[in-house]
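Structure data (TSV, C-alpha atoms (C1' of nucleotides)) from structure.tsv:
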chain	number	residue	atom	x	y	z
A	1	MET	CA	-21.81	110.27	243.34
A	2	SER	CA	-24.13	112.12	245.76
A	3	GLY	CA	-27.53	113.53	244.83
A	4	ASP	CA	-29.82	112.04	242.23
A	5	GLU	CA	-29.25	114.14	239.16
A	6	THR	CA	-29.42	111.32	236.62
A	7	ARG	CA	-30.68	112.58	233.30
A	8	TRP	CA	-32.98	109.81	232.16
A	9	LEU	CA	-33.74	109.33	228.50
A	10	GLU	CA	-36.51	111.39	226.94
A	11	PRO	CA	-39.38	109.37	225.46
A	12	ASP	CA	-38.16	109.81	221.90
A	13	GLU	CA	-34.61	108.96	222.92
A	14	LEU	CA	-35.85	105.85	224.67
A	15	GLU	CA	-37.79	104.77	221.59
A	16	THR	CA	-34.73	105.33	219.46
A	17	TRP	CA	-32.51	103.48	221.86
A	18	LEU	CA	-34.75	100.42	222.06
A	19	SER	CA	-35.09	100.39	218.32
A	20	TYR	CA	-31.33	100.69	217.96
A	21	VAL	CA	-30.61	97.84	220.35
A	22	ALA	CA	-33.12	95.58	218.64
A	23	ALA	CA	-31.95	96.40	215.13
A	24	THR	CA	-28.24	96.04	215.78
A	25	SER	CA	-28.52	92.83	217.71
A	26	LEU	CA	-30.84	91.25	215.15
A	27	LEU	CA	-28.73	92.41	212.24
A	28	ASP	CA	-25.61	91.10	213.88
A	29	GLY	CA	-27.29	87.80	214.59
A	30	ALA	CA	-28.58	87.46	211.05
A	31	LEU	CA	-25.17	88.11	209.50
A	32	ASP	CA	-23.45	85.82	211.95
A	33	ARG	CA	-25.88	83.00	211.27
A	34	GLN	CA	-25.63	83.43	207.51
A	35	LEU	CA	-21.86	83.18	207.60
A	36	GLN	CA	-21.76	80.34	210.07
A	37	ARG	CA	-24.26	78.37	208.03
A	38	ASP	CA	-22.90	79.04	204.55
A	39	ALA	CA	-19.20	79.44	205.20
A	40	GLY	CA	-18.54	77.85	208.58
A	41	MET	CA	-17.12	80.97	210.13
A	42	PRO	CA	-18.46	83.64	212.46
A	43	LEU	CA	-18.63	87.27	211.38
A	44	ALA	CA	-15.61	88.18	213.49
A	45	TYR	CA	-13.44	85.74	211.55
A	46	TYR	CA	-14.69	87.05	208.23
A	47	GLN	CA	-13.68	90.53	209.25
A	48	ILE	CA	-10.22	89.39	210.21
A	49	LEU	CA	-9.74	87.61	206.89
A	50	ALA	CA	-11.15	90.59	204.98
A	51	MET	CA	-8.80	93.06	206.62
A	52	LEU	CA	-5.85	90.78	205.99
A	53	SER	CA	-6.79	90.31	202.33
A	54	ASP	CA	-6.70	94.05	201.83
A	55	ALA	CA	-3.31	94.59	203.48
A	56	PRO	CA	-0.01	94.73	201.58
A	57	GLY	CA	1.29	91.20	201.34
A	58	ARG	CA	-2.01	90.08	202.87
A	59	SER	CA	-0.16	90.43	206.13
A	60	LEU	CA	-0.40	92.61	209.22
A	61	ARG	CA	1.08	92.88	212.68
A	62	MET	CA	-1.18	91.38	215.31
A	63	SER	CA	-1.59	94.73	217.03
A	64	ALA	CA	-2.52	96.49	213.79
A	65	LEU	CA	-4.98	93.76	212.96
A	66	ALA	CA	-6.51	94.04	216.41
A	67	ALA	CA	-6.90	97.78	215.96
A	68	ILE	CA	-8.70	97.72	212.63
A	69	THR	CA	-10.99	94.91	213.69
A	70	GLN	CA	-11.96	96.65	216.94
A	71	SER	CA	-10.72	93.66	218.83
A	72	SER	CA	-8.70	93.23	221.99
A	73	GLN	CA	-5.29	91.66	221.62
A	74	SER	CA	-6.40	88.68	223.63
A	75	ARG	CA	-9.46	88.11	221.50
A	76	LEU	CA	-7.46	88.43	218.32
A	77	SER	CA	-4.78	86.10	219.61
A	78	HIS	CA	-7.34	83.40	220.35
A	79	ALA	CA	-9.08	83.97	217.03
A	80	VAL	CA	-5.88	83.81	214.99
A	81	ALA	CA	-4.87	80.65	216.81
A	82	ARG	CA	-8.12	79.05	215.70
A	83	LEU	CA	-7.78	80.42	212.16
A	84	GLU	CA	-4.25	79.08	212.02
A	85	SER	CA	-5.42	75.64	213.05
A	86	ARG	CA	-7.77	75.71	210.06
A	87	GLY	CA	-4.91	76.68	207.80
A	88	TRP	CA	-6.43	80.03	206.89
A	89	VAL	CA	-3.78	82.18	208.53
A	90	ARG	CA	-0.07	81.76	209.16
A	91	ARG	CA	1.91	83.45	211.93
A	92	THR	CA	5.48	84.55	211.39
A	93	PRO	CA	7.75	86.39	213.81
A	94	CYS	CA	9.03	89.87	212.98
A	95	SER	CA	12.79	90.13	212.71
A	96	ILE	CA	12.93	93.88	213.37
A	97	ASP	CA	10.96	93.90	216.60
A	98	ARG	CA	11.01	90.45	218.05
A	99	ARG	CA	7.99	91.12	220.22
A	100	SER	CA	5.85	91.48	217.13
A	101	THR	CA	4.14	88.78	215.14
A	102	PHE	CA	2.77	89.00	211.63
A	103	ALA	CA	-0.46	87.32	210.66
A	104	GLN	CA	-0.64	86.41	207.00
A	105	LEU	CA	-3.57	85.15	204.98
A	106	THR	CA	-2.83	81.80	203.35
A	107	GLU	CA	-4.11	80.76	199.93
A	108	GLU	CA	-6.67	78.54	201.64
A	109	GLY	CA	-7.73	81.49	203.77
A	110	TYR	CA	-8.10	83.68	200.74
A	111	ALA	CA	-10.14	81.01	199.02
A	112	ALA	CA	-12.40	80.67	202.06
A	113	LEU	CA	-12.89	84.44	202.13
A	114	ALA	CA	-13.61	84.59	198.41
A	115	ALA	CA	-16.16	81.83	198.79
A	116	ALA	CA	-17.85	83.53	201.72
A	117	ALA	CA	-17.86	87.08	200.37
A	118	PRO	CA	-20.76	87.02	197.88
A	119	GLY	CA	-23.22	85.57	200.36
A	120	HIS	CA	-22.11	87.93	203.07
A	121	VAL	CA	-22.28	91.06	200.94
A	122	CYS	CA	-25.67	89.96	199.69
A	123	ALA	CA	-26.91	89.61	203.25
A	124	VAL	CA	-25.58	93.06	204.15
A	125	ARG	CA	-27.44	94.47	201.18
A	126	ARG	CA	-30.67	92.67	201.88
A	127	HIS	CA	-30.78	93.55	205.56
A	128	LEU	CA	-29.33	97.04	205.48
A	129	PHE	CA	-28.64	98.95	202.29
A	130	ASP	CA	-31.65	97.77	200.33
A	131	ARG	CA	-33.85	99.19	203.10
A	132	LEU	CA	-32.27	102.64	203.17
A	133	THR	CA	-32.47	105.62	200.87
A	134	PRO	CA	-29.18	107.15	199.71
A	135	GLU	CA	-29.83	110.01	202.12
A	136	GLN	CA	-30.23	107.57	204.97
A	137	VAL	CA	-26.96	105.89	204.07
A	138	GLN	CA	-25.31	109.28	204.28
A	139	GLN	CA	-27.02	110.02	207.58
A	140	LEU	CA	-25.98	106.68	209.02
A	141	HIS	CA	-22.41	107.40	208.04
A	142	GLU	CA	-22.50	110.75	209.82
A	143	ILE	CA	-24.07	109.23	212.91
A	144	THR	CA	-21.55	106.41	213.16
A	145	ARG	CA	-18.71	108.86	212.60
A	146	ALA	CA	-19.99	110.98	215.45
A	147	VAL	CA	-20.16	107.95	217.73
A	148	LEU	CA	-16.70	106.83	216.72
A	149	SER	CA	-15.18	110.22	217.43
A	150	GLY	CA	-16.59	109.95	220.93
A	151	LEU	CA	-14.93	106.59	221.43
A	152	GLY	CA	-11.51	107.88	220.51
A	153	VAL	CA	-11.31	106.48	217.00
A	154	ALA	CA	-9.91	108.43	214.10
A	155	ASP	CA	-12.04	107.97	210.99
A	156	GLY	CA	-10.80	106.00	208.04
A	157	ASP	CA	-8.89	103.55	210.19
A	158	ALA	CA	-10.60	100.54	208.79
A	159	ARG	CA	-10.24	99.65	205.14
A	160	GLY	CA	-11.23	97.01	202.72
A	161	MET	CA	-13.87	94.35	202.63
A	162	LEU	CA	-13.78	92.89	199.17
A	163	PRO	CA	-11.32	90.18	198.24
A	164	GLY	CA	-9.64	91.67	195.22
B	1	MET	CA	-26.29	80.42	192.32
B	2	SER	CA	-24.69	80.29	188.86
B	3	GLY	CA	-22.97	83.24	187.20
B	4	ASP	CA	-21.17	85.98	189.10
B	5	GLU	CA	-23.72	88.73	189.45
B	6	THR	CA	-22.78	89.75	192.99
B	7	ARG	CA	-23.53	93.39	193.58
B	8	TRP	CA	-20.57	94.54	195.63
B	9	LEU	CA	-20.83	97.56	197.88
B	10	GLU	CA	-20.32	100.99	196.38
B	11	PRO	CA	-17.43	102.97	197.87
B	12	ASP	CA	-19.71	105.14	199.98
B	13	GLU	CA	-21.67	102.11	201.13
B	14	LEU	CA	-18.45	100.38	202.07
B	15	GLU	CA	-17.31	103.41	204.07
B	16	THR	CA	-20.63	103.51	205.83
B	17	TRP	CA	-20.58	99.81	206.53
B	18	LEU	CA	-17.11	99.82	208.02
B	19	SER	CA	-17.97	102.83	210.10
B	20	TYR	CA	-21.16	101.13	211.25
B	21	VAL	CA	-19.40	97.92	212.23
B	22	ALA	CA	-16.74	99.78	214.15
B	23	ALA	CA	-19.18	102.08	215.93
B	24	THR	CA	-21.64	99.42	216.98
B	25	SER	CA	-19.05	96.97	218.19
B	26	LEU	CA	-17.18	99.63	220.15
B	27	LEU	CA	-20.36	101.07	221.62
B	28	ASP	CA	-21.53	97.63	222.63
B	29	GLY	CA	-18.19	96.87	224.18
B	30	ALA	CA	-18.09	100.13	226.08
B	31	LEU	CA	-21.56	99.65	227.55
B	32	ASP	CA	-20.86	96.05	228.39
B	33	ARG	CA	-17.63	96.92	230.16
B	34	GLN	CA	-19.22	99.75	232.09
B	35	LEU	CA	-21.99	97.53	233.40
B	36	GLN	CA	-19.71	94.61	234.14
B	37	ARG	CA	-17.33	96.84	236.05
B	38	ASP	CA	-19.84	98.95	237.98
B	39	ALA	CA	-22.72	96.54	238.43
B	40	GLY	CA	-21.28	93.08	237.89
B	41	MET	CA	-23.65	92.21	235.06
B	42	PRO	CA	-23.36	92.11	231.29
B	43	LEU	CA	-25.57	94.32	229.12
B	44	ALA	CA	-27.75	91.37	228.14
B	45	TYR	CA	-28.70	90.77	231.77
B	46	TYR	CA	-29.46	94.43	232.33
B	47	GLN	CA	-31.86	94.33	229.41
B	48	ILE	CA	-33.62	91.28	230.81
B	49	LEU	CA	-34.01	92.90	234.22
B	50	ALA	CA	-35.15	96.17	232.64
B	51	MET	CA	-37.84	94.51	230.54
B	52	LEU	CA	-39.07	92.56	233.54
B	53	SER	CA	-39.20	95.65	235.71
B	54	ASP	CA	-41.49	97.29	233.20
B	55	ALA	CA	-43.90	94.39	232.89
B	56	PRO	CA	-47.11	94.04	234.90
B	57	GLY	CA	-46.25	92.25	238.12
B	58	ARG	CA	-42.61	92.52	237.06
B	59	SER	CA	-43.22	89.16	235.49
B	60	LEU	CA	-43.29	87.73	231.98
B	61	ARG	CA	-43.52	84.39	230.25
B	62	MET	CA	-40.12	83.13	229.16
B	63	SER	CA	-41.13	83.22	225.51
B	64	ALA	CA	-42.39	86.81	225.76
B	65	LEU	CA	-39.23	87.85	227.55
B	66	ALA	CA	-37.15	86.19	224.86
B	67	ALA	CA	-39.05	88.05	222.17
B	68	ILE	CA	-38.66	91.55	223.60
B	69	THR	CA	-34.99	91.04	224.40
B	70	GLN	CA	-34.20	89.73	220.91
B	71	SER	CA	-32.92	86.56	222.46
B	72	SER	CA	-33.29	82.91	221.58
B	73	GLN	CA	-35.19	80.76	224.05
B	74	SER	CA	-32.06	78.81	224.78
B	75	ARG	CA	-30.02	81.90	225.48
B	76	LEU	CA	-32.72	83.33	227.71
B	77	SER	CA	-33.11	80.05	229.57
B	78	HIS	CA	-29.40	79.96	230.36
B	79	ALA	CA	-29.41	83.62	231.32
B	80	VAL	CA	-32.43	83.35	233.61
B	81	ALA	CA	-30.89	80.31	235.26
B	82	ARG	CA	-27.83	82.40	236.09
B	83	LEU	CA	-29.94	85.35	237.20
B	84	GLU	CA	-31.96	83.04	239.41
B	85	SER	CA	-28.84	81.70	241.05
B	86	ARG	CA	-27.97	85.28	241.98
B	87	GLY	CA	-31.41	85.75	243.48
B	88	TRP	CA	-32.39	88.43	240.97
B	89	VAL	CA	-35.13	86.49	239.22
B	90	ARG	CA	-37.55	83.81	240.36
B	91	ARG	CA	-39.15	81.23	238.08
B	92	THR	CA	-42.69	80.04	238.68
B	93	PRO	CA	-44.70	77.58	236.59
B	94	CYS	CA	-47.88	78.69	234.83
B	95	SER	CA	-51.01	76.90	235.95
B	96	ILE	CA	-52.99	77.60	232.77
B	97	ASP	CA	-50.45	76.25	230.31
B	98	ARG	CA	-48.11	73.96	232.14
B	99	ARG	CA	-45.47	74.21	229.45
B	100	SER	CA	-45.01	77.88	230.25
B	101	THR	CA	-42.83	79.42	232.90
B	102	PHE	CA	-42.99	82.91	234.31
B	103	ALA	CA	-39.86	84.83	235.15
B	104	GLN	CA	-40.38	87.39	237.89
B	105	LEU	CA	-38.01	90.08	239.09
B	106	THR	CA	-37.25	89.75	242.80
B	107	GLU	CA	-36.74	92.67	245.16
B	108	GLU	CA	-33.01	92.01	245.04
B	109	GLY	CA	-33.15	92.02	241.27
B	110	TYR	CA	-35.03	95.28	241.26
B	111	ALA	CA	-32.49	96.77	243.63
B	112	ALA	CA	-29.61	95.61	241.43
B	113	LEU	CA	-31.29	97.13	238.40
B	114	ALA	CA	-31.98	100.39	240.21
B	115	ALA	CA	-28.36	100.55	241.29
B	116	ALA	CA	-27.09	99.87	237.79
B	117	ALA	CA	-29.45	102.14	235.88
B	118	PRO	CA	-27.95	105.60	236.48
B	119	GLY	CA	-24.48	104.58	235.38
B	120	HIS	CA	-25.81	102.75	232.36
B	121	VAL	CA	-28.07	105.55	231.19
B	122	CYS	CA	-25.24	107.98	231.70
B	123	ALA	CA	-22.98	105.86	229.51
B	124	VAL	CA	-25.64	105.64	226.79
B	125	ARG	CA	-25.92	109.42	226.88
B	126	ARG	CA	-22.19	110.04	226.82
B	127	HIS	CA	-21.45	107.65	223.99
B	128	LEU	CA	-24.52	108.12	221.85
B	129	PHE	CA	-27.11	110.82	222.47
B	130	ASP	CA	-24.73	113.56	223.57
B	131	ARG	CA	-22.95	113.19	220.24
B	132	LEU	CA	-26.06	113.47	218.07
B	133	THR	CA	-28.27	116.38	217.13
B	134	PRO	CA	-32.02	115.96	217.65
B	135	GLU	CA	-32.37	115.53	213.89
B	136	GLN	CA	-29.83	112.73	213.95
B	137	VAL	CA	-31.70	111.00	216.76
B	138	GLN	CA	-34.79	111.13	214.58
B	139	GLN	CA	-32.84	109.86	211.58
B	140	LEU	CA	-31.36	107.02	213.58
B	141	HIS	CA	-34.83	106.02	214.70
B	142	GLU	CA	-36.06	105.91	211.12
B	143	ILE	CA	-33.06	103.92	210.00
B	144	THR	CA	-33.36	101.34	212.74
B	145	ARG	CA	-37.09	101.06	212.10
B	146	ALA	CA	-36.40	100.37	208.45
B	147	VAL	CA	-33.89	97.67	209.35
B	148	LEU	CA	-36.26	96.10	211.86
B	149	SER	CA	-39.08	95.93	209.37
B	150	GLY	CA	-36.76	93.98	207.09
B	151	LEU	CA	-36.04	91.49	209.85
B	152	GLY	CA	-39.67	90.74	210.45
B	153	VAL	CA	-40.13	92.78	213.62
B	154	ALA	CA	-43.21	94.86	214.25
B	155	ASP	CA	-42.27	98.23	215.74
B	156	GLY	CA	-43.08	99.06	219.32
B	157	ASP	CA	-42.52	95.52	220.50
B	158	ALA	CA	-39.98	96.45	223.07
B	159	ARG	CA	-40.89	98.73	225.94
B	160	GLY	CA	-39.39	100.16	229.03
B	161	MET	CA	-35.91	100.73	230.27
B	162	LEU	CA	-36.17	102.75	233.43
B	163	PRO	CA	-36.84	101.14	236.77
B	164	GLY	CA	-39.92	102.97	237.95
C	1	DC	C1'	-59.91	58.18	223.27
C	2	DT	C1'	-55.56	58.01	220.78
C	3	DC	C1'	-52.25	59.69	218.00
C	4	DC	C1'	-49.45	63.37	216.37
C	5	DA	C1'	-47.71	67.70	214.93
C	6	DG	C1'	-46.44	71.79	217.13
C	7	DT	C1'	-45.12	74.90	221.15
C	8	DG	C1'	-42.63	76.24	225.58
C	9	DA	C1'	-38.75	75.52	227.86
C	10	DT	C1'	-34.50	73.19	229.31
C	11	DT	C1'	-30.06	70.85	228.78
C	12	DG	C1'	-25.22	69.67	227.34
C	13	DA	C1'	-21.52	70.21	224.39
C	14	DG	C1'	-18.63	73.09	222.16
C	15	DA	C1'	-17.24	77.64	220.33
C	16	DG	C1'	-15.84	82.28	221.28
C	17	DC	C1'	-15.00	86.14	224.41
C	18	DT	C1'	-13.23	88.70	228.69
C	19	DC	C1'	-10.27	89.43	232.27
C	20	DA	C1'	-6.15	89.05	234.65
C	21	DA	C1'	-1.76	87.17	234.81
C	22	DC	C1'	2.50	86.34	232.59
C	23	DT	C1'	6.56	86.16	229.14
C	24	DT	C1'	9.43	88.38	226.12
C	25	DC	C1'	11.46	92.10	224.28
C	26	DA	C1'	12.50	97.28	223.42
C	27	DT	C1'	13.86	101.56	225.12
C	28	DA	C1'	14.73	105.46	228.05
C	29	DG	C1'	17.06	106.98	232.33
C	30	DT	C1'	20.79	106.76	235.38
D	1	DA	C1'	26.05	98.45	231.51
D	2	DC	C1'	21.77	98.16	234.62
D	3	DT	C1'	17.42	98.92	235.78
D	4	DA	C1'	12.65	100.35	235.16
D	5	DT	C1'	8.84	101.13	232.33
D	6	DG	C1'	6.01	99.89	229.04
D	7	DA	C1'	4.58	97.51	224.64
D	8	DA	C1'	3.46	93.00	221.96
D	9	DG	C1'	1.61	88.86	222.38
D	10	DT	C1'	0.06	84.58	224.65
D	11	DT	C1'	-2.28	81.78	227.97
D	12	DG	C1'	-5.80	79.78	231.16
D	13	DA	C1'	-9.88	80.15	233.74
D	14	DG	C1'	-14.40	81.31	233.81
D	15	DC	C1'	-18.48	83.11	231.55
D	16	DT	C1'	-21.87	83.56	227.83
D	17	DC	C1'	-23.78	82.16	223.57
D	18	DT	C1'	-25.13	78.87	219.82
D	19	DC	C1'	-26.73	74.70	218.05
D	20	DA	C1'	-28.98	70.48	218.30
D	21	DA	C1'	-31.31	67.27	221.01
D	22	DT	C1'	-34.69	66.49	224.42
D	23	DC	C1'	-38.66	66.67	227.65
D	24	DA	C1'	-43.29	68.02	228.80
D	25	DC	C1'	-47.30	69.59	227.47
D	26	DT	C1'	-51.28	71.34	224.30
D	27	DG	C1'	-54.61	71.20	220.67
D	28	DG	C1'	-56.54	69.18	217.08
D	29	DA	C1'	-57.61	65.02	213.49
D	30	DG	C1'	-59.14	60.76	212.89
Could you quickly redo this structure as structure tokens?
Amino acid sequence: MSGDETRWLEPDELETWLSYVAATSLLDGALDRQLQRDAGMPLAYYQILAMLSDAPGRSLRMSALAAITQSSQSRLSHAVARLESRGWVRRTPCSIDRRSTFAQLTEEGYAALAAAAPGHVCAVRRHLFDRLTPEQVQQLHEITRAVLSGLGVADGDARGMLPG
Amino acid sequence: MSGDETRWLEPDELETWLSYVAATSLLDGALDRQLQRDAGMPLAYYQILAMLSDAPGRSLRMSALAAITQSSQSRLSHAVARLESRGWVRRTPCSIDRRSTFAQLTEEGYAALAAAAPGHVCAVRRHLFDRLTPEQVQQLHEITRAVLSGLGVADGDARGMLPG
DNA sequence: CTCCAGTGATTGAGAGCTCAACTTCATAGT
DNA sequence: ACTATGAAGTTGAGCTCTCAATCACTGGAG
């Protein structure tokens, strides 16, 4: 903490960083707004429903669901409570380990996801994949994998997005 | 809206997308937590202070500040109100156009930014740039530029990050 | 001059998130 | 069996963000 040896960003790194911040926050905002407007749910809820729909029995332990959605347990607990109040998710206790709770997608939840999916995927295409060459998609994958490995995440943790 | 011609994501696109979502949300969370812990401010506030510090007179119109921080006017207004209550920003009316308001960084605000900057830049390095090759930095810049152009943003809008 | 559409900014309500407790339960050590 | 440690999940308070409504002002059009 003594001495001033901070390595500031190089000009090209700074440009990249500012561009990254702008792009990710705008992309996030655009997807969030699209889903909120057309499906009445924020992006975070869509991701929860999508992960559940892809799990065996459309059901997962809360802690597993938190892990694959990059969410804290507290955040997930609040979110599932709200999803449950809409009838999209049902919570059931686990008989093996009575600390655990399973979150299961209801039929209504599945229907809401299925209704939201086309518009969402279309928005992801329009804003991201339609703008990139196949090489850039590959590069982006490598880059995000590198970042993830630095944040202590094993690759291939997250699965599924399509309902079906 | 009739017919089911949704173009779902290809397997490699899906992989990339999931990896992207995980990486960006974790990176965002890590930077936010670092700043909140070490400097008592969220990332969004740091970005506001940083943009102000780089402006002539350390001062910008609210609408200009909103634009370069990718923030809605409402969000910025709330944020600046909170920053003002901490003494980090001062609001002054514009005499030319009396609808406008200038936000100016105070000395205390500059000091808070200067104190926060080393830790923040270090975290950006650790989590992002230290994990990428120079080619990947270049690729990331191209990719984010492509995304920005699709969201109606002219490049080079945002400037500055370092205090000084 | 008067009216009016549009811009800059603020406000309040409500939704969602974070952080720090706290409860309940499992398990390893003694 | 008894205790300690830690994991799973929930809760409440406080903070930030979004959305819609609103206020104040500007710049024309008639």
Report task. Write out as number ranges by chain the residues lying within 9 Å of stretch 120-125 of chain A, counting all atoms listed in the file and excluding same-chain residues fewer than 3 positions away. Result -> A: 27, 30-31, 34-35, 116-117, 128-131, 162; B: 6-9, 17
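In terms of minimum interatomic distance to C:DT27, D:DA7 ranks closest within D:DG14, D:DG30, D:DA1, D:DA7, counting only C-alpha atoms (C1' of nucleotides).
Comparing A:Cys94, A:Pro118, A:Glu84, A:Glu135 by their smallest distance to chain B, the closest is A:Pro118 (using only C-alpha atoms).
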Counting all atoms listed in the file, give me one row per residue of chain C with an atom at most 10 Å from an atom of chain B, showing the shortest contact pair and its distance in Å to one decimal, sorted by chain then residue number, as a Markdown table.
| residue | atom | partner | partner_atom | distance |
| --- | --- | --- | --- | --- |
| C:DT7 | C1' | B:Arg99 | CA | 8.3 |
| C:DG8 | C1' | B:Arg99 | CA | 5.2 |
| C:DA9 | C1' | B:Arg99 | CA | 7.0 |
| C:DT10 | C1' | B:Ser77 | CA | 7.0 |
| C:DT11 | C1' | B:Ser74 | CA | 9.1 |
| C:DT18 | C1' | B:Arg33 | CA | 9.4 |
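Between atom CA of B:Ala66 and atom CA of B:Ala103 the interatomic distance comes to 10.7 Å.
With only C-alpha atoms (C1' of nucleotides) as the atoms that count, the minimum distance from chain A to the choices D:DC15, D:DA29, D:DA8, D:DC2 is reached by D:DA8.
Of the residues listed (A:Ala50, A:Leu18, A:Arg75, A:Asp4), A:Arg75 shows the shortest atom-to-atom separation from chain D; distances use all atoms listed in the file.
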Which centre and edge lengths in Å to one decimal define the box along x, y and z that fits every listed atom of stretch 9-20 of chain D plus 5 Å per side, as JSON?
{"center_x": -13.7, "center_y": 79.7, "center_z": 225.9, "size_x": 40.6, "size_y": 28.4, "size_z": 25.8}
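Here atom C1' of C:DC17 is placed at a distance of 25.5 Å from atom CA of B:Gly109.
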Some atoms are missing, so please complete stretch 43-62 of chain B with N, CA and C atoms and return it as a PDB file, keeping the file's coordinate frame.
ATOM      1  N   LEU B  43     -24.463  93.538 229.686  1.00  0.00           N
ATOM      2  CA  LEU B  43     -25.570  94.320 229.120  1.00  0.00           C
ATOM      3  C   LEU B  43     -26.803  93.464 228.898  1.00  0.00           C
ATOM      4  N   ALA B  44     -26.613  92.240 228.436  1.00  0.00           N
ATOM      5  CA  ALA B  44     -27.750  91.370 228.140  1.00  0.00           C
ATOM      6  C   ALA B  44     -28.600  91.137 229.397  1.00  0.00           C
ATOM      7  N   TYR B  45     -27.956  91.002 230.536  1.00  0.00           N
ATOM      8  CA  TYR B  45     -28.700  90.770 231.770  1.00  0.00           C
ATOM      9  C   TYR B  45     -29.434  92.036 232.184  1.00  0.00           C
ATOM     10  N   TYR B  46     -28.791  93.161 232.015  1.00  0.00           N
ATOM     11  CA  TYR B  46     -29.460  94.430 232.330  1.00  0.00           C
ATOM     12  C   TYR B  46     -30.745  94.534 231.528  1.00  0.00           C
ATOM     13  N   GLN B  47     -30.688  94.196 230.273  1.00  0.00           N
ATOM     14  CA  GLN B  47     -31.860  94.330 229.410  1.00  0.00           C
ATOM     15  C   GLN B  47     -32.981  93.394 229.859  1.00  0.00           C
ATOM     16  N   ILE B  48     -32.614  92.211 230.284  1.00  0.00           N
ATOM     17  CA  ILE B  48     -33.620  91.280 230.810  1.00  0.00           C
ATOM     18  C   ILE B  48     -34.279  91.868 232.056  1.00  0.00           C
ATOM     19  N   LEU B  49     -33.462  92.328 232.989  1.00  0.00           N
ATOM     20  CA  LEU B  49     -34.010  92.900 234.220  1.00  0.00           C
ATOM     21  C   LEU B  49     -34.877  94.117 233.899  1.00  0.00           C
ATOM     22  N   ALA B  50     -34.415  94.952 232.960  1.00  0.00           N
ATOM     23  CA  ALA B  50     -35.150  96.170 232.640  1.00  0.00           C
ATOM     24  C   ALA B  50     -36.521  95.845 232.051  1.00  0.00           C
ATOM     25  N   MET B  51     -36.561  94.879 231.148  1.00  0.00           N
ATOM     26  CA  MET B  51     -37.840  94.510 230.540  1.00  0.00           C
ATOM     27  C   MET B  51     -38.785  93.926 231.592  1.00  0.00           C
ATOM     28  N   LEU B  52     -38.240  93.123 232.476  1.00  0.00           N
ATOM     29  CA  LEU B  52     -39.070  92.560 233.540  1.00  0.00           C
ATOM     30  C   LEU B  52     -39.629  93.653 234.443  1.00  0.00           C
ATOM     31  N   SER B  53     -38.777  94.619 234.765  1.00  0.00           N
ATOM     32  CA  SER B  53     -39.200  95.650 235.710  1.00  0.00           C
ATOM     33  C   SER B  53     -40.347  96.474 235.153  1.00  0.00           C
ATOM     34  N   ASP B  54     -40.474  96.480 233.854  1.00  0.00           N
ATOM     35  CA  ASP B  54     -41.490  97.290 233.200  1.00  0.00           C
ATOM     36  C   ASP B  54     -42.761  96.511 232.906  1.00  0.00           C
ATOM     37  N   ALA B  55     -42.745  95.227 233.192  1.00  0.00           N
ATOM     38  CA  ALA B  55     -43.900  94.390 232.890  1.00  0.00           C
ATOM     39  C   ALA B  55     -44.867  94.386 234.075  1.00  0.00           C
ATOM     40  N   PRO B  56     -46.145  94.131 233.818  1.00  0.00           N
ATOM     41  CA  PRO B  56     -47.110  94.040 234.900  1.00  0.00           C
ATOM     42  C   PRO B  56     -46.744  92.910 235.857  1.00  0.00           C
ATOM     43  N   GLY B  57     -46.664  93.230 237.134  1.00  0.00           N
ATOM     44  CA  GLY B  57     -46.250  92.250 238.120  1.00  0.00           C
ATOM     45  C   GLY B  57     -44.768  91.935 238.052  1.00  0.00           C
ATOM     46  N   ARG B  58     -44.042  92.781 237.258  1.00  0.00           N
ATOM     47  CA  ARG B  58     -42.610  92.520 237.060  1.00  0.00           C
ATOM     48  C   ARG B  58     -42.376  91.068 236.672  1.00  0.00           C
ATOM     49  N   SER B  59     -43.227  90.580 235.817  1.00  0.00           N
ATOM     50  CA  SER B  59     -43.220  89.160 235.490  1.00  0.00           C
ATOM     51  C   SER B  59     -43.628  88.958 234.040  1.00  0.00           C
ATOM     52  N   LEU B  60     -42.971  88.034 233.375  1.00  0.00           N
ATOM     53  CA  LEU B  60     -43.290  87.730 231.980  1.00  0.00           C
ATOM     54  C   LEU B  60     -43.066  86.258 231.714  1.00  0.00           C
ATOM     55  N   ARG B  61     -43.794  85.735 230.726  1.00  0.00           N
ATOM     56  CA  ARG B  61     -43.520  84.390 230.250  1.00  0.00           C
ATOM     57  C   ARG B  61     -42.134  84.375 229.618  1.00  0.00           C
ATOM     58  N   MET B  62     -41.455  83.259 229.738  1.00  0.00           N
ATOM     59  CA  MET B  62     -40.120  83.130 229.160  1.00  0.00           C
ATOM     60  C   MET B  62     -40.131  83.477 227.673  1.00  0.00           C
TER      61      MET B  62
END
